file data.cif (mmCIF, C-alpha atoms)
data_input
loop_
_atom_site.label_atom_id
_atom_site.label_comp_id
_atom_site.auth_asym_id
_atom_site.auth_seq_id
_atom_site.Cartn_x
_atom_site.Cartn_y
_atom_site.Cartn_z
CA MET U 1273 13.55 -28.17 7.03
CA GLY U 1274 10.35 -26.46 5.99
CA PRO U 1275 8.21 -27.56 3.04
CA TRP U 1276 9.82 -27.34 -0.38
CA ARG U 1277 8.03 -27.09 -3.67
CA ARG U 1278 9.67 -28.12 -6.89
CA LEU U 1279 8.75 -27.32 -10.45
CA TRP U 1280 10.76 -28.90 -13.24
CA ARG U 1281 9.75 -28.24 -16.84
CA PHE U 1282 11.81 -27.86 -20.01
CA GLY U 1283 15.10 -27.40 -18.21
CA VAL U 1284 13.87 -24.91 -15.60
CA ALA U 1285 13.43 -25.62 -11.91
CA TRP U 1286 11.80 -23.51 -9.23
CA PHE U 1287 12.39 -24.05 -5.55
CA ARG U 1288 10.53 -22.55 -2.64
CA GLY U 1289 11.37 -23.05 1.01
CA GLY U 1290 9.14 -21.96 3.84
CA GLY U 1291 9.43 -21.75 7.58
CA ALA U 1292 12.85 -23.35 7.84
CA ALA U 1293 14.17 -20.72 10.21
CA ALA U 1294 10.97 -20.31 12.20
CA VAL U 1295 11.37 -23.35 14.50
CA PRO U 1296 14.56 -23.57 16.59
CA PRO U 1297 16.25 -26.97 16.82
CA VAL U 1298 15.27 -29.29 19.65
CA GLY U 1299 17.10 -28.35 22.81
CA SER U 1300 17.86 -24.81 21.73
CA ARG U 1301 16.32 -21.60 22.96
CA ALA U 1302 15.62 -18.38 21.13
CA LEU U 1303 14.82 -15.31 23.18
CA GLY U 1304 14.03 -11.89 21.72
CA ARG U 1305 15.69 -8.95 23.42
CA GLY U 1306 14.98 -5.96 21.26
CA ARG U 1307 16.86 -6.87 18.13
CA GLN U 1308 19.20 -9.28 19.87
CA VAL U 1309 18.40 -13.01 19.73
CA LEU U 1310 20.01 -15.49 22.13
CA GLY U 1311 20.81 -18.98 20.85
CA ALA U 1312 21.39 -22.15 22.83
CA ASP U 1313 24.70 -20.92 24.23
CA GLY U 1314 23.50 -17.39 25.04
CA GLU U 1315 25.26 -15.94 22.00
CA THR U 1316 23.54 -12.96 20.35
CA LEU U 1317 22.83 -12.87 16.63
CA ASN U 1318 25.39 -10.12 16.08
CA GLN U 1319 28.03 -12.07 18.00
CA ARG U 1320 27.33 -15.19 15.96
CA ARG U 1321 27.58 -13.27 12.68
CA ALA U 1322 30.88 -11.75 13.76
CA ARG U 1323 32.24 -15.19 14.70
CA ILE U 1324 31.17 -16.69 11.37
CA MET U 1325 32.57 -13.80 9.34
CA ALA U 1326 35.90 -14.10 11.17
CA ARG U 1327 36.37 -17.51 9.55
CA GLY U 1328 36.34 -15.91 6.11
CA LEU U 1329 33.82 -16.33 3.32
CA PRO U 1330 32.98 -19.90 2.31
CA GLU U 1331 34.05 -21.21 -1.06
CA GLN U 1332 31.22 -21.06 -3.56
CA LYS U 1333 30.30 -24.47 -4.93
CA PRO U 1334 28.35 -24.77 -8.18
CA ILE U 1335 25.24 -26.95 -8.14
CA ASP U 1336 25.74 -30.05 -10.25
CA GLY U 1337 23.64 -29.95 -13.39
CA VAL U 1338 22.72 -26.27 -13.08
CA LYS U 1339 24.09 -23.70 -15.49
CA GLN U 1340 22.71 -20.53 -13.90
CA ALA U 1341 20.95 -19.75 -10.62
CA ILE U 1342 18.59 -16.79 -10.44
CA VAL U 1343 17.25 -15.55 -7.10
CA VAL U 1344 13.91 -13.76 -6.86
CA ALA U 1345 13.87 -11.58 -3.78
CA SER U 1346 11.99 -8.80 -2.05
CA GLY U 1347 12.60 -6.62 0.94
CA LYS U 1348 9.20 -7.40 2.47
CA GLY U 1349 6.49 -10.01 2.23
CA GLY U 1350 3.17 -9.63 0.48
CA VAL U 1351 4.47 -8.10 -2.75
CA GLY U 1352 3.86 -11.16 -4.95
CA LYS U 1353 7.40 -12.51 -4.99
CA SER U 1354 6.47 -16.20 -5.00
CA THR U 1355 3.89 -15.76 -7.75
CA THR U 1356 6.50 -13.87 -9.76
CA ALA U 1357 9.11 -16.58 -9.17
CA VAL U 1358 7.01 -19.49 -10.39
CA ASN U 1359 5.63 -17.61 -13.41
CA LEU U 1360 9.16 -16.46 -14.25
CA ALA U 1361 10.33 -20.08 -14.20
CA LEU U 1362 7.52 -21.11 -16.54
CA ALA U 1363 8.15 -18.11 -18.81
CA LEU U 1364 11.84 -18.99 -19.04
CA ALA U 1365 10.82 -22.48 -20.12
CA VAL U 1366 8.55 -21.08 -22.82
CA ASN U 1367 11.05 -18.52 -24.04
CA ASP U 1368 14.08 -20.81 -24.02
CA ALA U 1369 12.89 -24.46 -23.98
CA VAL U 1370 15.65 -27.05 -23.78
CA ASP U 1371 15.93 -30.81 -23.36
CA TRP U 1372 15.76 -32.67 -20.05
CA GLY U 1373 19.51 -32.83 -19.53
CA GLN U 1374 21.54 -30.00 -18.02
CA LEU U 1375 19.33 -27.51 -16.17
CA ASP U 1376 19.65 -24.09 -17.80
CA TYR U 1377 18.03 -22.07 -15.01
CA LEU U 1378 17.37 -22.61 -11.33
CA VAL U 1379 14.92 -19.99 -10.04
CA VAL U 1380 15.14 -19.63 -6.27
CA ASP U 1381 12.22 -18.03 -4.43
CA MET U 1382 13.99 -16.35 -1.54
CA PRO U 1383 12.28 -15.51 1.76
CA PRO U 1384 11.58 -11.79 2.22
CA GLY U 1385 14.17 -9.64 3.92
CA THR U 1386 17.94 -9.26 3.91
CA GLY U 1387 18.97 -11.67 6.65
CA ASP U 1388 21.11 -14.75 7.12
CA VAL U 1389 19.35 -16.86 4.48
CA GLN U 1390 20.07 -14.36 1.72
CA LEU U 1391 23.67 -13.99 2.82
CA SER U 1392 24.22 -17.74 3.10
CA VAL U 1393 22.81 -18.47 -0.35
CA SER U 1394 24.84 -15.63 -1.88
CA GLN U 1395 28.06 -16.84 -0.27
CA ASN U 1396 27.69 -20.57 -0.86
CA ILE U 1397 26.52 -20.90 -4.47
CA PRO U 1398 27.36 -18.86 -7.57
CA ILE U 1399 24.34 -16.70 -8.43
CA SER U 1400 24.06 -15.36 -11.95
CA GLY U 1401 21.64 -12.60 -11.04
CA ALA U 1402 18.98 -11.32 -8.66
CA VAL U 1403 15.50 -10.09 -9.54
CA ILE U 1404 13.93 -7.72 -7.00
CA VAL U 1405 10.12 -7.69 -6.77
CA SER U 1406 8.23 -4.74 -5.33
CA THR U 1407 4.89 -3.01 -5.49
CA PRO U 1408 4.93 0.74 -6.23
CA GLN U 1409 4.13 1.41 -2.55
CA ASP U 1410 6.65 3.50 -0.64
CA ILE U 1411 7.15 1.06 2.25
CA ALA U 1412 7.77 -1.82 -0.16
CA LEU U 1413 10.22 0.29 -2.14
CA MET U 1414 12.23 1.14 0.98
CA ASP U 1415 12.80 -2.57 1.62
CA ALA U 1416 13.40 -3.29 -2.07
CA ARG U 1417 16.26 -0.76 -1.97
CA LYS U 1418 17.79 -2.61 0.99
CA GLY U 1419 17.57 -5.87 -0.91
CA ALA U 1420 19.26 -4.47 -4.01
CA GLU U 1421 22.02 -2.88 -1.95
CA MET U 1422 22.60 -6.12 -0.02
CA PHE U 1423 23.07 -8.15 -3.21
CA ARG U 1424 25.47 -5.58 -4.57
CA LYS U 1425 27.54 -5.76 -1.38
CA VAL U 1426 27.98 -9.51 -1.81
CA HIS U 1427 28.76 -9.05 -5.53
CA VAL U 1428 25.55 -10.58 -6.92
CA PRO U 1429 24.46 -8.81 -10.12
CA VAL U 1430 21.03 -7.21 -9.74
CA LEU U 1431 19.29 -7.78 -13.07
CA GLY U 1432 16.52 -5.28 -12.35
CA LEU U 1433 13.20 -4.65 -10.63
CA VAL U 1434 9.76 -6.11 -11.27
CA GLN U 1435 6.95 -3.65 -10.52
CA ASN U 1436 4.18 -5.95 -9.33
CA MET U 1437 0.53 -4.96 -8.80
CA SER U 1438 1.31 -1.88 -10.84
CA VAL U 1439 -2.26 -0.99 -11.81
CA PHE U 1440 -5.81 -2.28 -11.43
CA GLN U 1441 -8.23 -2.08 -14.35
CA CYS U 1442 -11.94 -2.31 -13.59
CA PRO U 1443 -13.36 -5.24 -15.60
CA GLN U 1444 -16.61 -3.35 -16.19
CA CYS U 1445 -15.71 0.24 -17.02
CA LYS U 1446 -12.00 -0.40 -17.84
CA HIS U 1447 -10.93 2.53 -15.65
CA LYS U 1448 -7.36 2.13 -14.38
CA THR U 1449 -6.48 2.81 -10.74
CA HIS U 1450 -2.98 2.84 -9.29
CA ILE U 1451 -3.92 1.38 -5.91
CA PHE U 1452 -0.36 1.23 -4.57
CA GLY U 1453 0.91 4.35 -6.32
CA ALA U 1454 2.20 5.00 -9.80
CA ASP U 1455 5.67 4.16 -11.10
CA GLY U 1456 7.36 3.94 -7.70
CA ALA U 1457 9.60 1.10 -8.82
CA ARG U 1458 10.64 3.03 -11.91
CA LYS U 1459 11.70 5.97 -9.76
CA LEU U 1460 13.66 3.66 -7.44
CA ALA U 1461 15.30 1.96 -10.40
CA GLN U 1462 16.56 5.31 -11.64
CA THR U 1463 18.16 6.13 -8.30
CA LEU U 1464 19.83 2.70 -8.18
CA ASP U 1465 20.90 2.82 -11.85
CA LEU U 1466 18.83 -0.27 -12.58
CA ASP U 1467 16.17 -1.17 -15.11
CA VAL U 1468 12.55 -2.16 -14.57
CA LEU U 1469 12.24 -5.60 -16.13
CA GLY U 1470 8.48 -5.24 -16.49
CA ASP U 1471 5.15 -4.35 -14.91
CA VAL U 1472 2.62 -6.93 -13.71
CA PRO U 1473 -0.93 -5.66 -13.16
CA LEU U 1474 -3.09 -6.35 -10.14
CA HIS U 1475 -5.52 -8.81 -11.68
CA LEU U 1476 -7.93 -11.38 -10.26
CA SER U 1477 -6.92 -14.04 -12.78
CA ILE U 1478 -3.32 -14.09 -11.51
CA ARG U 1479 -4.45 -14.78 -7.96
CA GLU U 1480 -7.06 -17.35 -8.97
CA ALA U 1481 -4.66 -19.24 -11.23
CA SER U 1482 -2.03 -19.36 -8.49
CA ASP U 1483 -4.51 -20.57 -5.86
CA MET U 1484 -5.59 -23.42 -8.18
CA GLY U 1485 -1.99 -24.49 -8.73
CA GLN U 1486 -2.16 -23.48 -12.38
CA PRO U 1487 0.12 -20.40 -12.75
CA ILE U 1488 -1.17 -18.03 -15.38
CA VAL U 1489 1.78 -18.47 -17.74
CA PHE U 1490 0.83 -22.17 -17.89
CA SER U 1491 -2.96 -21.98 -17.77
CA GLN U 1492 -3.63 -18.78 -19.76
CA PRO U 1493 -0.51 -18.25 -21.92
CA GLU U 1494 -2.27 -15.91 -24.35
CA SER U 1495 -3.52 -13.51 -21.68
CA ASP U 1496 -2.03 -10.05 -21.22
CA GLU U 1497 -1.01 -11.02 -17.70
CA ALA U 1498 0.96 -14.04 -18.92
CA LYS U 1499 2.59 -11.93 -21.60
CA ALA U 1500 3.86 -9.58 -18.88
CA TYR U 1501 5.76 -12.46 -17.28
CA LEU U 1502 7.04 -13.64 -20.66
CA GLN U 1503 8.43 -10.17 -21.31
CA ILE U 1504 10.11 -10.14 -17.90
CA ALA U 1505 11.70 -13.53 -18.62
CA ALA U 1506 13.06 -12.24 -21.91
CA GLU U 1507 14.58 -9.24 -20.15
CA VAL U 1508 16.12 -11.49 -17.49
CA VAL U 1509 17.77 -13.72 -20.10
CA ARG U 1510 19.05 -10.70 -21.99
CA ARG U 1511 20.81 -9.40 -18.87
CA LEU U 1512 22.28 -12.66 -17.59
CA PRO U 1513 26.03 -13.09 -17.99
CA PRO U 1514 27.17 -15.96 -20.23
CA PRO U 1515 26.93 -19.27 -18.35
CA PRO U 1516 30.23 -20.86 -17.34
CA GLU U 1517 31.55 -23.49 -19.73
#

call {"tool": "encode", "arguments": {"input": "data.cif", "output": "structure tokens"}}
result
Amino acid sequence: MGPWRRLWRFGVAWFRGGGAAAVPPVGSRALGRGRQVLGADGETLNQRRARIMARGLPEQKPIDGVKQAIVVASGKGGVGKSTTAVNLALALAVNDAVDWGQLDYLVVDMPPGTGDVQLSVSQNIPISGAVIVSTPQDIALMDARKGAEMFRKVHVPVLGLVQNMSVFQCPQCKHKTHIFGADGARKLAQTLDLDVLGDVPLHLSIREASDMGQPIVFSQPESDEAKAYLQIAAEVVRRLPPPPE
């Protein structure tokens, strides 16, 4: 199992897993052949998926003590998904603080892509909604579309898109530059009949706060950047279905 990080504050938890699928088990072998991967018994990835699916979908089991699970996903890496996930968790705590008993929200920072991990999580635990993170860049939007369509196929409600790194404002002259393009996520949201939950600017303070282990919603709650995450959290809560009794 790769490293896991855990944040627990005011009834909100955030989990991040990394590298769990990168190292094959001892005694196994993984060989790349185009897009086919051979496991220990020479079975290709497609053959293994077909065998697993033939058993039928697993029964979803709720997580004890968790009312609602929210997955934060992206089609590709490098779009700020993890930073969004942890600031979303903190913003949910600020917007809807509760006691230390039952956990209201579990925010899961998913690995990028639309592979086995995403399918396994979607099939094994009840997910209240998915948040898709993307920059306005075309290549990121192509993968974000795949992510949204995958969640819909497994009947996970897609709450909306977060347009990250939407604009850069020069700290000296205040000129705004759309480094990754303008409003790409909004255009994609329209084609998918989804909403944009909010825009997060490309700002040095977000990166610096994250690198210091002090996410901006926690360390600079009055900043415009923190307020962007707080607005996204409010939109997420507004779109979540009622938690099960």

call {"tool": "closest_residue", "arguments": {"input": "data.cif", "among": "U:Thr1355, U:Gln1340, U:Leu1364, U:Gly1350", "to": "U:Gln1486", "atoms": "all atoms listed in the file"}}
result
U:Thr1355

call {"tool": "resolve_selection", "arguments": {"input": "data.cif", "expression": "the PyMOL selection byres ((chain U and resi 1422-1438) around 6)", "output": "number ranges by chain"}}
result
U: 1401-1407, 1419-1421, 1439, 1457, 1466-1474

call {"tool": "closest_residue", "arguments": {"input": "data.cif", "among": "U:Gln1409, U:Val1338, U:Pro1487, U:Gln1332", "to": "U:Ile1451", "atoms": "all atoms listed in the file"}}
result
U:Gln1409

call {"tool": "resolve_selection", "arguments": {"input": "data.cif", "expression": "the PyMOL selection byres ((chain U and resi 1384) around 8)", "output": "PyMOL selection string"}}
result
chain U and resi 1345-1349+1382-1383+1385-1386

call {"tool": "write_last_selection", "arguments": {"input": "data.cif", "atoms": "C-alpha atoms", "output": "tab-separated table (two decimals), in the frame of the given file"}}
result
chain	number	residue	atom	x	y	z
U	1345	ALA	CA	13.87	-11.58	-3.78
U	1346	SER	CA	11.99	-8.80	-2.05
U	1347	GLY	CA	12.60	-6.62	0.94
U	1348	LYS	CA	9.20	-7.40	2.47
U	1349	GLY	CA	6.49	-10.01	2.23
U	1382	MET	CA	13.99	-16.35	-1.54
U	1383	PRO	CA	12.28	-15.51	1.76
U	1385	GLY	CA	14.17	-9.64	3.92
U	1386	THR	CA	17.94	-9.26	3.91

call {"tool": "closest_residue", "arguments": {"input": "data.cif", "among": "U:Leu1360, U:Asp1336, U:Lys1418, U:Gln1462", "to": "U:Gly1387", "atoms": "all atoms listed in the file"}}
result
U:Lys1418

call {"tool": "atom_distance", "arguments": {"input": "data.cif", "atom1": "atom CA of U:Lys1339", "atom2": "atom CA of U:Leu1378"}}
result
8.0 Å

call {"tool": "closest_residue", "arguments": {"input": "data.cif", "among": "U:Val1358, U:Val1489, U:Ala1365, U:Ala1341", "to": "U:Ser1400", "atoms": "all atoms listed in the file"}}
result
U:Ala1341

call {"tool": "atom_distance", "arguments": {"input": "data.cif", "atom1": "atom CA of U:Gln1319", "atom2": "atom CA of U:Leu1391"}}
result
15.9 Å

call {"tool": "atom_distance", "arguments": {"input": "data.cif", "atom1": "atom CA of U:Lys1499", "atom2": "atom CA of U:Ala1357"}}
result
14.8 Å

call {"tool": "closest_residue", "arguments": {"input": "data.cif", "among": "U:Asn1359, U:Thr1316, U:Asn1367, U:Gln1503", "to": "U:Ile1478", "atoms": "only C-alpha atoms"}}
result
U:Asn1359

call {"tool": "closest_residue", "arguments": {"input": "data.cif", "among": "U:Ile1335, U:Val1351, U:Ala1361, U:Leu1476", "to": "U:Ala1506", "atoms": "only C-alpha atoms"}}
result
U:Ala1361

call {"tool": "residues_around", "arguments": {"input": "data.cif", "residues": "U:Gly1337", "least_positions_apart": "2", "cutoff": "9 Å", "atoms": "only C-alpha atoms", "output": "NGL selection string"}}
result
:U and (1334-1335 or 1339 or 1373-1376)
